[in-house]
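Student: Input: one structure, supplied below.
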Amino acid sequence: MSTDTMGSTPLIQARNLGRSFGSRRNKIWAVDDVSFQVSRGEILCLVGESGCGKTTTGKVIAGLYKPSSGEVLFEGRNIWEMEKKEFKRYRTAVQLIHQDPYASLNPMQTIYDIITAPLFRHNLVSSRAHAWQRCIELFHIVGLTPPEDLLRKHPHELSGGQRQRVSVARALTVNPSFIVADEAVSMVDVSIRVSLLTMLGRLRDEFGVTFLFITHDLALAKYFAWEGRIAVMYVGNISEVADSPRLVNDALHPYTQALLSAVPEADPKLTRGKERIPLRSQDIPSLLDLPTGCHFHPRCPRFVEGLCDVERPVLVDTGDGRQVACHLVARERGLG
Amino acid sequence: MATSTTIKALPWSKGNVENALLSVRDVHIEYWAERGQVKATRGVDFDIFPGESLSLIGESGCGKTTLGLGLIRLLVKTADITQGQVIYRQAGVAQDILTLGAEEMRQFRWQDCAMVFQAAQSAFNPVLRIRDQMYETVKAHRATTRAEVEQVGSQLLTRVQLDPARVLNCYPHELSGGMRQRTLIAMALLLNPPLIILDEPTTALDILTQRTIIDLLRALQSDMHFAMMFISHDLSLAAELADHVATMYAGRIVEFGTVNQIFYEPRHPYTLGLIKAVPTVTGGFEDLTSIAGTPPDLIDLPSGCKFHIRCPFATERCKEEEPDLAHIGPEHAVACFHWQEVEKQADRSWDSIQTARGEEE
């Protein structure tokens with residue numbers, strides 16, 4: 001493996017990614033011209049509302065969908081131009097954790113079977129005793145106790161939180177360097193969400209695992225990626241990328257600002273005292289009939305006729321480590 | 001009616017019980033499951049006054065949805081309200097909902113108490129246009145004409161920021177999730193009920209749509225003066241809209257208070273733990289923690305206080321005896337032997353409380 005020689009090459013790069021669905025006549029672009037990069041050991045959160053393309057982006061990055069346009073680079077190499085062996089290595093290096101721990105574990109198998117299948121498949125263990133020992137190590141990492149009892153159980157005997165930990169343990173069997181977590185804690189009870197996030201954060205701190213963390217919940221994104229970055233998506237595009245503290249406290253894009261002003265918060269005085277940003281329309285555009293120019297223009301409170309509805313803004317560097325796709329912000333800051 | 005509608009007053013209620021719109025007393029609901037009897041609620045007491053909003057918060061399986069369905073007697077056949085009273089007072093008449101006959105109950109639902117469900121799709125008849133759903137709903141309760149229903153319906157749809165000309169002619173599947181939820185709210189208000197029960201009304205909606213629904217409910221309530229009871233696992237909905245909040249755990253209310261008391265002066269360890277587990281978006285980084293363990297199995301409940309296994313304040317007494325909801329201050333009640341200890345430690349992080357407890361033992 002050429003980890004050391006890669007130097008500053010980002011672990012993952014998305015270059016002008018597009019992914020369409022449907023027939024030639026009824027085609028929609030779930031993801032349209034999305035570019036970002038994630039460095040080794042970094043956390044990038046992808047936030048957005050339902051239908052914005054965040055899950056599709058995650059699946060394209062994980063190699064489950066082939067992009068319709070653009071490319072995904074892993075350690076600088078296009079994953080769809082890799083040879084079979086190299087692609088297989090990529091597929092083990094990148095693991096996906098799904099939202100629903102009730103649907104992602106085979107109900108007919110014991111937890112031991114679920115965890116050991118990839119261990120045997122990839123020849124990572126030499127014997128059943130070795131596999132058992134490896135399971136216990138993995139359960140220790142993800143905080144599942146007592147491992148011996150749990151390994152003999154079936155998924156239905158576990159709580160939602162425990163199942164999600166099993167999903168993480170299964171992902172860790174192949175020593176991934178990159179985890180795509182798609183709404184990984186959304187279905188878990190509030191009182192135990194934080195412990196799951198802490199466990200995921202430890203994977204980064206102790207094993208250097210890189211994360212693409214996909215969520216609709218801005219507060220969770222902020223909590224998990226406080227030292228990382230947040231990318232906001234809107235109908236297939238990235239509208240803003242910034243480090244988490246600045247994204248939640250000093251957003252540039254009108255859509256991010258609207259989201260932040262709208263999000264209900266678990267603090268009565270704070271949430272009732274928030275300044276509201278009224279939108280021009282409540283309607284989320286249909287992917288079958290996207291607005292011209294900036295996709296947010298029909299709802300945007302700062303809409304300028306003849307500019308926003310004509311030309312689609314591109315994601316530009318603001319010069320202070322952030323990126324934004326808005327004509328008005330670009331104009332104010334004298335960018336491209 | 002022969003049954004008694006006299007009930008004990010709750011010392012923490014904000015007013016005279018005779019003025020309450022709905023008084024729930026000692027309600028027990030049980031389910032029969034293959035593994036045994038599920039004790040979904042075990043003695044719930046609270047009052048809702050006209051025009052106020054009460055939020056029931058708690059995690060999945062705490063009994064909050066069962067309670068909401070129980071109040072309008074829409075429980076599945078395997079469930080049974082084994083004990084309790086639900087006294088509804090309207091125009092000087094008090095009646096126990098749990099003793100009403102089928103026809104009286106049918107009249108009560110929607111006319112006196114409407115319900116907005118979580119899955120708005122299944123609340124509609126899929127083969128009826130919205131205009132027909134509305135007409136059928138009103139016709140089931142009183143003599144009416146299509147013209148009258150359409151006039152009221154149009155006003156309400158406009159009020160929830162929908163275009164009546166379009167929506168009235170739509171079938172439910174033609175509406176987006178947010179539009180459906182708004183249409184359902186308009187439907188709930190058709191008969192101008194004094195009480196609306198809302199089960200997770202904003203769950204599964206986008207942030208901007210959630211905001212619209214919350215602002216609409218607030219505005220509608222201030223105009224039409226109905227009382228609302230929210231059921232939600234989402235603390236932010238309670239923070240937005242509630243006057244009073246009740247925390248539920250393992251089928252009981254463990255804390256009841258004003259919204260500010262619950263969020264800023266919680267006295268039950270479980271409420272404290274929940275508040276400390278939820279991040280906010282605005283501001284800096286918060287030190288959050290989870291409550292150790294998982295919610296209890298409602299078929300096989302632990303002894304004593306049902307929270308003692310997860311509680312950093314628990315003592316021997318908590319393992320043996322279950323505390324009752326007790327009045328601890330104006331409009332504030334808590335079911336915990338150690339609420340004064342909680343008050344002393346409330347500013348510390350949950351982890352440091354847990355660690356300190358561990359060292360003592």
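Naming works like this for the structure tokens: A, B, ... for the chains as they're shown, residue 1 at the start of each chain, ligands 1 onward in shown order.
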Would you give me, as a ChimeraX atom specification, the residues in range 126-347 of chain B that DSSP reads as helix (DSSP H, G or I)?
Tutor: /B:130-139,146-159,164-167,172-174,177-188,207-224,235-241,259-264,269-275,316-320,339-345
Student: Please check the contacts: residues of chain A at most 8 Å away from chain B, using only C-alpha atoms, listed as number ranges by chain.
Tutor: A: 49-50, 159, 189-195, 218-220, 222-223, 226, 245, 248-249, 258-260, 262-269, 271-272, 282
Student: Take the selection from the previous step and output its residues with C-alpha atoms, as a tab-separated table (two decimals), in the first residue's frame.
Tutor:
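The result, stored in again17.tsv:
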```tsv
chain	number	residue	atom	x	y	z
A	49	GLU	CA	-33.10	17.94	3.37
A	50	SER	CA	-34.69	14.79	2.03
A	159	SER	CA	-31.90	-3.07	20.89
A	189	ASP	CA	-33.10	6.84	20.82
A	190	VAL	CA	-31.99	10.33	21.80
A	191	SER	CA	-30.53	9.27	25.15
A	192	ILE	CA	-28.01	6.92	23.53
A	193	ARG	CA	-27.18	8.79	20.29
A	194	VAL	CA	-24.27	10.65	21.81
A	195	SER	CA	-22.56	7.46	22.98
A	218	LEU	CA	-27.63	20.12	11.56
A	219	ALA	CA	-27.18	19.84	15.33
A	220	LEU	CA	-25.82	16.31	15.02
A	222	LYS	CA	-22.19	20.20	14.27
A	223	TYR	CA	-21.64	17.93	17.27
A	226	TRP	CA	-16.97	20.16	15.31
A	245	PRO	CA	-18.03	26.45	13.86
A	248	VAL	CA	-23.38	27.11	12.12
A	249	ASN	CA	-22.53	30.55	13.47
A	258	ALA	CA	-32.57	30.03	6.13
A	259	LEU	CA	-32.01	26.50	7.45
A	260	LEU	CA	-30.24	27.77	10.55
A	262	ALA	CA	-35.65	27.68	10.79
A	263	VAL	CA	-34.25	24.74	12.70
A	264	PRO	CA	-36.16	24.15	15.94
A	265	GLU	CA	-33.82	23.77	18.89
A	266	ALA	CA	-34.10	22.02	22.23
A	267	ASP	CA	-33.85	25.26	24.18
A	268	PRO	CA	-37.09	27.27	24.60
A	269	LYS	CA	-35.60	30.74	24.97
A	271	THR	CA	-35.57	28.70	19.71
A	272	ARG	CA	-38.43	31.14	20.39
A	282	GLN	CA	-42.55	26.97	0.65
```
Student: When DSSP is applied to the backbone of this structure, which of range 207-318 of chain B are assigned strand (DSSP E)? Write them out as a list in words.
Tutor: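 DSSP-assigned strand (DSSP E) residues in range 207-318 of chain B: Ala227, Met228, Met229, Phe230, Ile231, Ser232, His244, Val245, Ala246, Thr247, Met248, Tyr249, Arg252, Ile253, Val254, Glu255, Phe256, Gly257 and Thr258 of chain B.
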Student: Take the selection from the previous step and output its residues with C-alpha atoms, as an mmCIF file, in the first residue's frame.
Tutor:
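Written out: out09.cif:
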```cif
data_model
loop_
_atom_site.group_PDB
_atom_site.id
_atom_site.type_symbol
_atom_site.label_atom_id
_atom_site.label_comp_id
_atom_site.auth_asym_id
_atom_site.auth_seq_id
_atom_site.Cartn_x
_atom_site.Cartn_y
_atom_site.Cartn_z
ATOM 1 C CA ALA B 227 -55.701 23.176 23.485
ATOM 2 C CA MET B 228 -52.952 20.950 22.064
ATOM 3 C CA MET B 229 -51.369 17.825 23.368
ATOM 4 C CA PHE B 230 -48.150 16.943 21.547
ATOM 5 C CA ILE B 231 -46.509 13.601 21.580
ATOM 6 C CA SER B 232 -42.929 13.760 20.411
ATOM 7 C CA HIS B 244 -46.186 22.556 30.028
ATOM 8 C CA VAL B 245 -44.061 19.482 29.484
ATOM 9 C CA ALA B 246 -44.485 15.996 30.897
ATOM 10 C CA THR B 247 -41.544 13.591 30.738
ATOM 11 C CA MET B 248 -42.601 9.961 30.402
ATOM 12 C CA TYR B 249 -40.510 6.950 31.267
ATOM 13 C CA ARG B 252 -45.450 6.901 33.819
ATOM 14 C CA ILE B 253 -44.997 10.634 33.991
ATOM 15 C CA VAL B 254 -41.778 11.124 35.927
ATOM 16 C CA GLU B 255 -41.700 14.913 35.745
ATOM 17 C CA PHE B 256 -44.256 17.603 34.993
ATOM 18 C CA GLY B 257 -43.496 21.314 34.792
ATOM 19 C CA THR B 258 -43.593 24.495 32.762
#
```
Student: Mind pulling up the distance from CA of Pro147 in chain A to CA of Phe211 in chain A?
Tutor: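 Straight-line distance from CA of Phe211 in chain A to CA of Pro147 in chain A works out to 25.8 Å.
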Student: If we count only C-alpha atoms and set the cut-off at 8 Å, which residues sit around range 196-198 of chain A, ignoring sequence neighbours fewer than 6 positions away in its own chain? Please answer as a list of chain:residue names.
Tutor: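 Residues near the query, excluding close chain neighbours: A:Gly161, A:Arg165, A:Val185, A:Phe224.
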Student: Pull N, CA and C atoms from the residues just selected and write them as a PDB file, in the first residue's frame.
Tutor:
```pdb
ATOM      1  N   GLY A 161     -29.824   0.483  19.373  1.00  0.00           N
ATOM      2  CA  GLY A 161     -28.469   0.981  19.591  1.00  0.00           C
ATOM      3  C   GLY A 161     -27.441  -0.135  19.448  1.00  0.00           C
ATOM      4  N   ARG A 165     -24.403  -0.729  16.640  1.00  0.00           N
ATOM      5  CA  ARG A 165     -23.010  -1.040  16.992  1.00  0.00           C
ATOM      6  C   ARG A 165     -22.539  -2.299  16.267  1.00  0.00           C
ATOM      7  N   VAL A 185     -27.161   7.447  13.118  1.00  0.00           N
ATOM      8  CA  VAL A 185     -27.741   7.441  14.470  1.00  0.00           C
ATOM      9  C   VAL A 185     -29.176   7.956  14.491  1.00  0.00           C
ATOM     10  N   PHE A 224     -20.878  16.178  15.757  1.00  0.00           N
ATOM     11  CA  PHE A 224     -19.934  15.145  15.330  1.00  0.00           C
ATOM     12  C   PHE A 224     -18.737  15.738  14.600  1.00  0.00           C
TER      13      PHE A 224
END
```
Student: Tell me which of B:Asp112, B:Asp132, B:Asp45, B:Asp163 sits closest to Ser13 in chain B, counting only C-alpha atoms.
Tutor: B:Asp45
Student: Show which residues sit within 6 Å of range 31-38 of chain B, as number ranges by chain. Count only C-alpha atoms, and ignore same-chain residues fewer than 5 positions away.
Tutor: B: 78-79, 298-299
Student: Please produce a file of the residues just selected, as a short mmCIF file (atom, residue, chain, number, x, y, z; two decimals), in the first residue's frame, where the atoms kept are N, CA and C atoms.
Tutor:
```cif
data_model
loop_
_atom_site.label_atom_id
_atom_site.label_comp_id
_atom_site.auth_asym_id
_atom_site.auth_seq_id
_atom_site.Cartn_x
_atom_site.Cartn_y
_atom_site.Cartn_z
N THR B 78 -55.95 -5.62 20.92
CA THR B 78 -55.21 -6.35 21.94
C THR B 78 -54.85 -5.47 23.14
N ALA B 79 -55.23 -4.19 23.06
CA ALA B 79 -54.92 -3.29 24.17
C ALA B 79 -56.18 -3.01 24.97
N LEU B 298 -41.00 -3.25 28.63
CA LEU B 298 -42.28 -2.99 29.30
C LEU B 298 -42.99 -4.28 29.72
N ILE B 299 -42.50 -5.42 29.26
CA ILE B 299 -43.09 -6.69 29.69
C ILE B 299 -42.45 -7.14 31.01
#
```
Student: Got a sec: who's within 12 Å of His154 in chain A, counting only C-alpha atoms, leaving out chain neighbours fewer than 2 positions off, as a list in words?
Tutor: Tyr102, Leu105, Asn106, Pro107, Met108, Gln109, Thr110, Ile111, Tyr112, Asp113, Ile114, Ile115, Asp149, Leu150, Leu151, Arg152, His156, Glu157, Leu158, Ser159, Gln162, Arg163 and Val166 of chain A
